[in-house]
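K.L.:
I'm passing along start.json; it holds JSON, C-alpha atoms.
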[["chain", "number", "residue", "atom", "x", "y", "z"],
["S", 147, "MET", "CA", 0.00, 0.00, 0.00],
["S", 148, "THR", "CA", 1.89, 3.03, -1.27],
["S", 149, "ASP", "CA", -0.59, 5.68, -0.23],
["S", 150, "LEU", "CA", -3.34, 5.82, 2.33],
["S", 151, "ARG", "CA", -5.98, 7.73, 0.41],
["S", 152, "GLY", "CA", -9.38, 7.07, 1.92],
["S", 153, "VAL", "CA", -8.02, 5.01, 4.82],
["S", 154, "ARG", "CA", -9.70, 6.03, 8.09],
["S", 155, "ILE", "CA", -7.29, 5.98, 11.03],
["S", 156, "GLY", "CA", -8.22, 6.58, 14.65],
["S", 157, "CYS", "CA", -5.26, 8.40, 16.22],
["S", 158, "ALA", "CA", -5.52, 7.70, 19.95],
["S", 159, "MET", "CA", -3.11, 9.45, 22.31],
["S", 160, "THR", "CA", -2.42, 8.38, 25.89],
["S", 161, "GLY", "CA", -0.32, 10.10, 28.52],
["S", 162, "SER", "CA", 3.35, 9.63, 27.60],
["S", 163, "PHE", "CA", 3.66, 13.38, 27.13],
["S", 164, "CYS", "CA", 7.39, 13.40, 26.35],
["S", 165, "THR", "CA", 6.67, 11.73, 23.00],
["S", 166, "PHE", "CA", 3.84, 14.00, 21.86],
["S", 167, "SER", "CA", 5.92, 16.17, 19.53],
["S", 168, "LYS", "CA", 7.23, 13.16, 17.62],
["S", 169, "VAL", "CA", 3.77, 11.60, 17.54],
["S", 170, "PHE", "CA", 2.31, 14.78, 16.06],
["S", 171, "CYS", "CA", 4.91, 14.60, 13.28],
["S", 172, "ALA", "CA", 3.91, 10.97, 12.62],
["S", 173, "PHE", "CA", 0.23, 11.95, 12.42],
["S", 174, "GLU", "CA", 1.16, 14.64, 9.89],
["S", 175, "ALA", "CA", 2.93, 11.99, 7.79],
["S", 176, "LEU", "CA", -0.20, 9.82, 7.85],
["S", 177, "ARG", "CA", -2.32, 12.79, 6.81],
["S", 178, "ASP", "CA", 0.10, 13.72, 4.04],
["S", 179, "ALA", "CA", -0.09, 10.13, 2.75],
["S", 180, "GLY", "CA", -3.82, 10.64, 2.27],
["S", 181, "ALA", "CA", -5.31, 9.10, 5.42],
["S", 182, "GLU", "CA", -8.40, 10.52, 7.07],
["S", 183, "LEU", "CA", -7.51, 11.02, 10.73],
["S", 184, "PHE", "CA", -9.92, 10.79, 13.66],
["S", 185, "PRO", "CA", -8.35, 12.16, 16.88],
["S", 186, "ILE", "CA", -8.95, 10.37, 20.18],
["S", 187, "MET", "CA", -7.47, 11.20, 23.59],
["S", 188, "SER", "CA", -7.42, 9.40, 26.92],
["S", 189, "ASP", "CA", -8.66, 11.36, 29.91],
["S", 190, "ASN", "CA", -5.14, 12.25, 31.06],
["S", 191, "ALA", "CA", -3.90, 13.18, 27.59],
["S", 192, "TYR", "CA", -6.93, 15.44, 27.16],
["S", 193, "THR", "CA", -6.84, 17.23, 30.51],
["S", 194, "LEU", "CA", -3.33, 17.40, 32.01],
["S", 195, "ASP", "CA", -0.94, 20.32, 31.71],
["S", 196, "THR", "CA", 2.69, 19.13, 31.85],
["S", 197, "ARG", "CA", 6.20, 20.50, 31.38],
["S", 198, "PHE", "CA", 5.85, 19.45, 27.74],
["S", 199, "GLY", "CA", 2.91, 21.78, 27.12],
["S", 200, "SER", "CA", -0.59, 22.74, 28.13],
["S", 201, "ALA", "CA", -3.56, 20.47, 27.60],
["S", 202, "VAL", "CA", -5.25, 23.17, 25.50],
["S", 203, "GLY", "CA", -2.17, 23.51, 23.33],
["S", 204, "MET", "CA", -1.91, 19.76, 22.76],
["S", 205, "ARG", "CA", -5.61, 19.47, 21.93],
["S", 206, "THR", "CA", -5.41, 22.37, 19.52],
["S", 207, "ARG", "CA", -2.41, 20.88, 17.72],
["S", 208, "LEU", "CA", -4.08, 17.49, 17.38],
["S", 209, "GLU", "CA", -7.30, 18.96, 16.01],
["S", 210, "GLU", "CA", -5.36, 21.10, 13.53],
["S", 211, "ILE", "CA", -3.51, 18.05, 12.22],
["S", 212, "CYS", "CA", -6.60, 15.86, 11.98],
["S", 213, "GLY", "CA", -9.10, 18.51, 10.91],
["S", 214, "ARG", "CA", -11.69, 17.18, 13.36],
["S", 215, "LYS", "CA", -12.79, 17.57, 16.95],
["S", 216, "ILE", "CA", -11.26, 15.12, 19.42],
["S", 217, "TRP", "CA", -13.26, 12.15, 20.66],
["S", 218, "HIS", "CA", -12.60, 12.20, 24.40],
["S", 219, "THR", "CA", -15.53, 10.40, 26.01],
["S", 220, "LEU", "CA", -16.53, 6.76, 26.12],
["S", 221, "GLY", "CA", -19.78, 7.62, 24.39],
["S", 222, "GLU", "CA", -17.99, 9.21, 21.45],
["S", 223, "VAL", "CA", -15.76, 6.19, 20.76],
["S", 224, "GLU", "CA", -18.18, 3.34, 21.52],
["S", 225, "PRO", "CA", -19.73, 3.51, 17.99],
["S", 226, "VAL", "CA", -16.33, 2.89, 16.36],
["S", 227, "GLY", "CA", -17.05, -0.85, 16.17],
["S", 228, "PRO", "CA", -20.80, -1.03, 15.67],
["S", 229, "LYS", "CA", -20.73, 1.59, 12.91],
["S", 230, "LYS", "CA", -17.40, 0.38, 11.44],
["S", 231, "LEU", "CA", -16.06, 3.92, 11.52],
["S", 232, "LEU", "CA", -12.34, 3.14, 11.18],
["S", 233, "ASP", "CA", -9.97, 0.96, 9.18],
["S", 234, "LEU", "CA", -7.12, 1.16, 11.71],
["S", 235, "VAL", "CA", -6.81, 2.30, 15.31],
["S", 236, "LEU", "CA", -3.36, 3.62, 16.18],
["S", 237, "VAL", "CA", -2.51, 4.21, 19.84],
["S", 238, "ALA", "CA", 0.47, 6.55, 19.91],
["S", 239, "PRO", "CA", 1.89, 6.93, 22.42],
["S", 240, "CYS", "CA", 0.63, 3.83, 24.22],
["S", 241, "THR", "CA", 1.59, 3.96, 27.91],
["S", 242, "GLY", "CA", 2.28, 1.02, 30.18],
["S", 243, "ASN", "CA", -1.05, 1.74, 31.86],
["S", 244, "SER", "CA", -2.90, 1.45, 28.54],
["S", 245, "LEU", "CA", -0.94, -1.68, 27.56],
["S", 246, "ALA", "CA", -2.04, -3.29, 30.84],
["S", 247, "LYS", "CA", -5.66, -2.35, 30.28],
["S", 248, "LEU", "CA", -5.63, -3.70, 26.73],
["S", 249, "ALA", "CA", -3.97, -6.94, 27.81],
["S", 250, "LEU", "CA", -6.58, -7.45, 30.55],
["S", 251, "GLY", "CA", -9.65, -6.25, 28.65],
["S", 252, "ILE", "CA", -10.21, -3.15, 30.79],
["S", 253, "CYS", "CA", -11.98, -0.41, 28.84],
["S", 254, "ASP", "CA", -12.32, 2.66, 31.02],
["S", 255, "THR", "CA", -10.70, 5.36, 28.86],
["S", 256, "PRO", "CA", -11.62, 6.59, 25.38],
["S", 257, "ALA", "CA", -8.35, 5.27, 23.91],
["S", 258, "VAL", "CA", -8.74, 1.67, 25.12],
["S", 259, "MET", "CA", -12.49, 1.67, 24.46],
["S", 260, "ALA", "CA", -11.79, 2.66, 20.85],
["S", 261, "VAL", "CA", -9.47, -0.34, 20.54],
["S", 262, "LYS", "CA", -12.00, -2.74, 22.06],
["S", 263, "SER", "CA", -14.82, -1.44, 19.90],
["S", 264, "HIS", "CA", -12.68, -1.61, 16.75],
["S", 265, "LEU", "CA", -11.43, -5.15, 17.40],
["S", 266, "ARG", "CA", -14.98, -6.53, 17.31],
["S", 267, "ASN", "CA", -14.75, -6.18, 13.52],
["S", 268, "GLY", "CA", -11.42, -8.02, 13.24],
["S", 269, "ARG", "CA", -9.70, -4.86, 12.05],
["S", 270, "PRO", "CA", -6.09, -3.95, 12.83],
["S", 271, "VAL", "CA", -4.80, -2.09, 15.87],
["S", 272, "LEU", "CA", -1.30, -0.57, 15.93],
["S", 273, "LEU", "CA", 0.38, 0.20, 19.26],
["S", 274, "ALA", "CA", 3.31, 2.60, 19.68],
["S", 275, "ALA", "CA", 4.53, 1.66, 23.14],
["S", 276, "SER", "CA", 6.15, 4.21, 25.41],
["S", 277, "THR", "CA", 6.74, 3.01, 28.96],
["S", 278, "ASN", "CA", 9.48, 3.18, 31.58],
["S", 279, "ASP", "CA", 8.75, -0.41, 32.64],
["S", 280, "GLY", "CA", 8.60, -2.06, 29.22],
["S", 281, "LEU", "CA", 11.21, -4.61, 30.32],
["S", 282, "GLY", "CA", 9.73, -4.72, 33.84],
["S", 283, "ARG", "CA", 6.09, -5.22, 34.81],
["S", 284, "SER", "CA", 4.84, -4.17, 31.37],
["S", 285, "ALA", "CA", 6.83, -6.89, 29.60],
["S", 286, "ALA", "CA", 4.17, -9.50, 30.35],
["S", 287, "ASN", "CA", 1.46, -7.24, 28.91],
["S", 288, "ILE", "CA", 3.45, -6.56, 25.76],
["S", 289, "GLY", "CA", 3.99, -10.31, 25.34],
["S", 290, "ALA", "CA", 0.29, -11.01, 25.84],
["S", 291, "LEU", "CA", -0.69, -8.39, 23.26],
["S", 292, "MET", "CA", 1.81, -9.73, 20.74],
["S", 293, "GLY", "CA", -0.03, -13.03, 20.86],
["S", 294, "MET", "CA", -3.42, -11.48, 20.07],
["S", 295, "LYS", "CA", -4.92, -11.42, 16.60],
["S", 296, "HIS", "CA", -5.15, -8.08, 14.79],
["S", 297, "ILE", "CA", -2.72, -6.30, 17.17],
["S", 298, "TYR", "CA", 0.56, -4.98, 15.79],
["S", 299, "PHE", "CA", 3.39, -2.91, 17.25],
["S", 300, "VAL", "CA", 5.42, -0.02, 15.97],
["S", 301, "PRO", "CA", 9.04, -1.21, 16.27],
["S", 302, "PHE", "CA", 10.56, -0.21, 19.60],
["S", 303, "ARG", "CA", 13.87, 0.04, 21.45],
["S", 304, "GLN", "CA", 15.40, 0.75, 24.82],
["S", 305, "ASP", "CA", 15.59, 4.52, 24.78],
["S", 306, "ASP", "CA", 18.19, 4.82, 27.56],
["S", 307, "TYR", "CA", 19.59, 1.41, 28.52],
["S", 308, "ILE", "CA", 22.08, 2.92, 30.96],
["S", 309, "GLY", "CA", 19.92, 5.43, 32.81],
["S", 310, "LYS", "CA", 16.56, 3.61, 32.41],
["S", 311, "PRO", "CA", 17.29, -0.03, 31.54],
["S", 312, "ASN", "CA", 13.62, -1.11, 31.66],
["S", 313, "SER", "CA", 12.36, 1.72, 29.46],
["S", 314, "LEU", "CA", 11.02, 1.08, 25.95],
["S", 315, "VAL", "CA", 9.81, 3.54, 23.35],
["S", 316, "ALA", "CA", 8.48, 3.03, 19.85],
["S", 317, "ASP", "CA", 10.30, 4.52, 16.90],
["S", 318, "MET", "CA", 7.65, 7.13, 16.13],
["S", 319, "ASP", "CA", 9.32, 7.82, 12.76],
["S", 320, "SER", "CA", 8.25, 4.28, 11.75],
["S", 321, "ILE", "CA", 4.53, 4.82, 12.37],
["S", 322, "LEU", "CA", 3.66, 5.44, 8.71],
["S", 323, "GLU", "CA", 5.44, 2.29, 7.53],
["S", 324, "ALA", "CA", 4.04, 0.25, 10.44],
["S", 325, "ALA", "CA", 0.52, 1.47, 9.65],
["S", 326, "ARG", "CA", 0.86, 0.35, 6.04],
["S", 327, "ALA", "CA", 2.03, -3.08, 7.20],
["S", 328, "ALA", "CA", -0.75, -3.44, 9.78],
["S", 329, "LEU", "CA", -3.39, -2.60, 7.17],
["S", 330, "GLU", "CA", -2.02, -5.54, 5.18],
["S", 331, "GLY", "CA", -2.11, -7.81, 8.23],
["S", 332, "LYS", "CA", 1.65, -7.76, 8.73],
["S", 333, "GLN", "CA", 3.97, -6.87, 11.59],
["S", 334, "LEU", "CA", 6.64, -4.43, 10.48],
["S", 335, "GLN", "CA", 10.10, -5.94, 11.00],
["S", 336, "PRO", "CA", 12.46, -5.79, 12.69],
["S", 337, "LEU", "CA", 10.32, -5.27, 15.77],
["S", 338, "LEU", "CA", 13.24, -4.88, 18.20],
["S", 339, "LEU", "CA", 15.58, -2.03, 17.29],
["S", 340, "PRO", "CA", 19.09, -1.29, 18.60],
["S", 341, "GLY", "CA", 19.01, 0.52, 21.91],
["S", 342, "MET", "CA", 20.10, 4.06, 22.67],
["S", 343, "HIS", "CA", 21.53, 5.77, 25.72],
["S", 344, "SER", "CA", 21.76, 9.39, 26.77]]
Turn the structure described in the file into structure tokens.
P.N.:
Amino acid sequence: MTDLRGVRIGCAMTGSFCTFSKVFCAFEALRDAGAELFPIMSDNAYTLDTRFGSAVGMRTRLEEICGRKIWHTLGEVEPVGPKKLLDLVLVAPCTGNSLAKLALGICDTPAVMAVKSHLRNGRPVLLAASTNDGLGRSAANIGALMGMKHIYFVPFRQDDYIGKPNSLVADMDSILEAARAALEGKQLQPLLLPGMHS
């Protein structure tokens, strides 16, 4: 799939705020490839001001990129499955908290509810993990999700194997390529990338 014209992608953001700027660039690449983007935010992503920017500023940037209002309630995302609104749900960034909820079937935020609703149609989900315990407590959840049908991962690496040896982060620059692969039912390879340290 060389372009994404007409492909409807739910762009769900959860609270790994340090990755937001790179994720926004990835969403722009999806848009520029022709995809129709539908913005979704978890409760924390939608409401929290952080040292990386204000909640209002982040919401404004996401809506500008996608050209639509953000879905930020359970009621807004629940129809994703029944009405077959999307071709792909991308969770970027996907925190350890959201990975745990997805692995255990907990659906109490708009981001994870969108995934659950979308999976009822056997359509692909792409996760861009960003968690400080990816090689700790979250490792079991990542492993469980890798074994589930229709779930794919953006390739990831240890982002600081000296200072934070358990930390994993997806290569957000690979989101476009990973989305194309997921839409074809494939996991982009290699999944494990060489680590970095600061």
K.L.:
Which one is closest to Ser263 of chain S: S:Pro228, S:Gly282, S:Gly289, S:Gly331? Count only C-alpha atoms.
P.N.:
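Between S:Pro228, S:Gly282, S:Gly289, S:Gly331, the residue approaching Ser263 of chain S most closely is S:Pro228.
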K.L.:
Counting only C-alpha atoms, what is within 6 Å of Leu234 of chain S, bar same-chain residues fewer than 6 positions away, as a list of chain:residue names?
P.N.:
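Answer for this query is S:Ile155, S:Pro270, S:Val271.
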K.L.:
Please provide as a list in words all residues within 9 Å of Arg266 of chain S, with the sequence filter that same-chain residues fewer than 4 positions apart are discarded (counting all atoms listed in the file).
P.N.:
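Everything that qualifies: Gly227, Pro228, Val261 and Lys262 of chain S.
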K.L.:
Could the residues of segment 211-310 of chain S that have an atom at most 9 Å from segment 178-202 of chain S be listed as a tab-separated table, each with its closest atom pair and the distance in Å to one decimal, counting only C-alpha atoms and ordered by chain and ascending residue number?
P.N.:
residue	atom	partner	partner_atom	distance
S:Ile211	CA	S:Leu183	CA	8.2
S:Cys212	CA	S:Leu183	CA	5.1
S:Gly213	CA	S:Leu183	CA	7.7
S:Arg214	CA	S:Phe184	CA	6.6
S:Lys215	CA	S:Pro185	CA	7.0
S:Ile216	CA	S:Pro185	CA	4.9
S:Trp217	CA	S:Ile186	CA	4.7
S:His218	CA	S:Met187	CA	5.3
S:Thr219	CA	S:Asp189	CA	8.0
S:Val223	CA	S:Ile186	CA	8.0
S:Leu232	CA	S:Phe184	CA	8.4
S:Val237	CA	S:Ile186	CA	8.9
S:Thr255	CA	S:Ser188	CA	5.6
S:Pro256	CA	S:Ser188	CA	5.3
S:Ala257	CA	S:Ser188	CA	5.2
S:Val258	CA	S:Ser188	CA	8.0
S:Ala260	CA	S:Ile186	CA	8.2
K.L.:
Which one of S:Ile252, S:Asn278, S:Ala285, S:Cys157 sits closest to Glu174 of chain S if you count all atoms listed in the file?
P.N.:
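That would be S:Cys157, the residue with the smallest distance to Glu174 of chain S.
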K.L.:
One decimal, Å: what's the distance from atom CA of Ser284 of chain S over to atom CA of Arg205 of chain S, could you say?
P.N.:
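Separation between atom CA of Ser284 of chain S and atom CA of Arg205 of chain S: 27.5 Å.
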K.L.:
Just checking: using all atoms listed in the file, which residue out of S:Thr206, S:Ser162, S:Ser167, S:Gln335 ends up closest to Thr277 of chain S?
P.N.:
S:Ser162
K.L.:
Show me, as CSV, the residues of segment 247-290 of chain S having an atom within 12 Å of segment 319-329 of chain S, each with the closest atom pair and its distance in Å, using only C-alpha atoms.
P.N.:
residue,atom,partner,partner_atom,distance
S:Gly268,CA,S:Leu329,CA,11.4
S:Arg269,CA,S:Leu329,CA,8.3
S:Pro270,CA,S:Ala328,CA,6.2
S:Val271,CA,S:Ala328,CA,7.4
S:Leu272,CA,S:Ala328,CA,6.8
S:Leu273,CA,S:Ile321,CA,9.3
S:Ala274,CA,S:Ile321,CA,7.7
S:Ala275,CA,S:Ile321,CA,11.2
K.L.:
Using all atoms listed in the file, which of S:Ala175, S:Val169, S:Ala249, S:Leu337 sits nearest Gly293 of chain S?
P.N.:
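Closest to Gly293 of chain S, using all atoms listed in the file: S:Ala249.
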K.L.:
Work out how far atom CA of Leu176 of chain S is from atom CA of Leu314 of chain S, in Å to one decimal.
P.N.:
23.0 Å
K.L.:
Just to confirm, what's the straight-line distance from atom CA of Ala316 of chain S to atom CA of Cys164 of chain S in Å (one decimal)?
P.N.:
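These atoms are spaced 12.3 Å apart.
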K.L.:
For each of S:Leu245, S:Leu339, S:Leu150, S:Cys171, take the minimum atom-to-atom distance to Arg283 of chain S, counting only C-alpha atoms, then give the residue where this is smallest.
P.N.:
S:Leu245
K.L.:
Need the shell around segment 229-231 of chain S: protein/DNA/RNA residues with any atom at most 9 Å away, counting only C-alpha atoms. Skip same-chain ones fewer than 3 positions apart. Format as a count of residues only?
P.N.:
6
K.L.:
From the set S:Phe302, S:Asn287, S:Met294, S:Thr160, which residue has the shortest atom-to-atom contact distance to Thr241 of chain S, counting all atoms listed in the file?
P.N.:
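Going through S:Phe302, S:Asn287, S:Met294, S:Thr160 one by one, the smallest distance to Thr241 of chain S is for S:Thr160.
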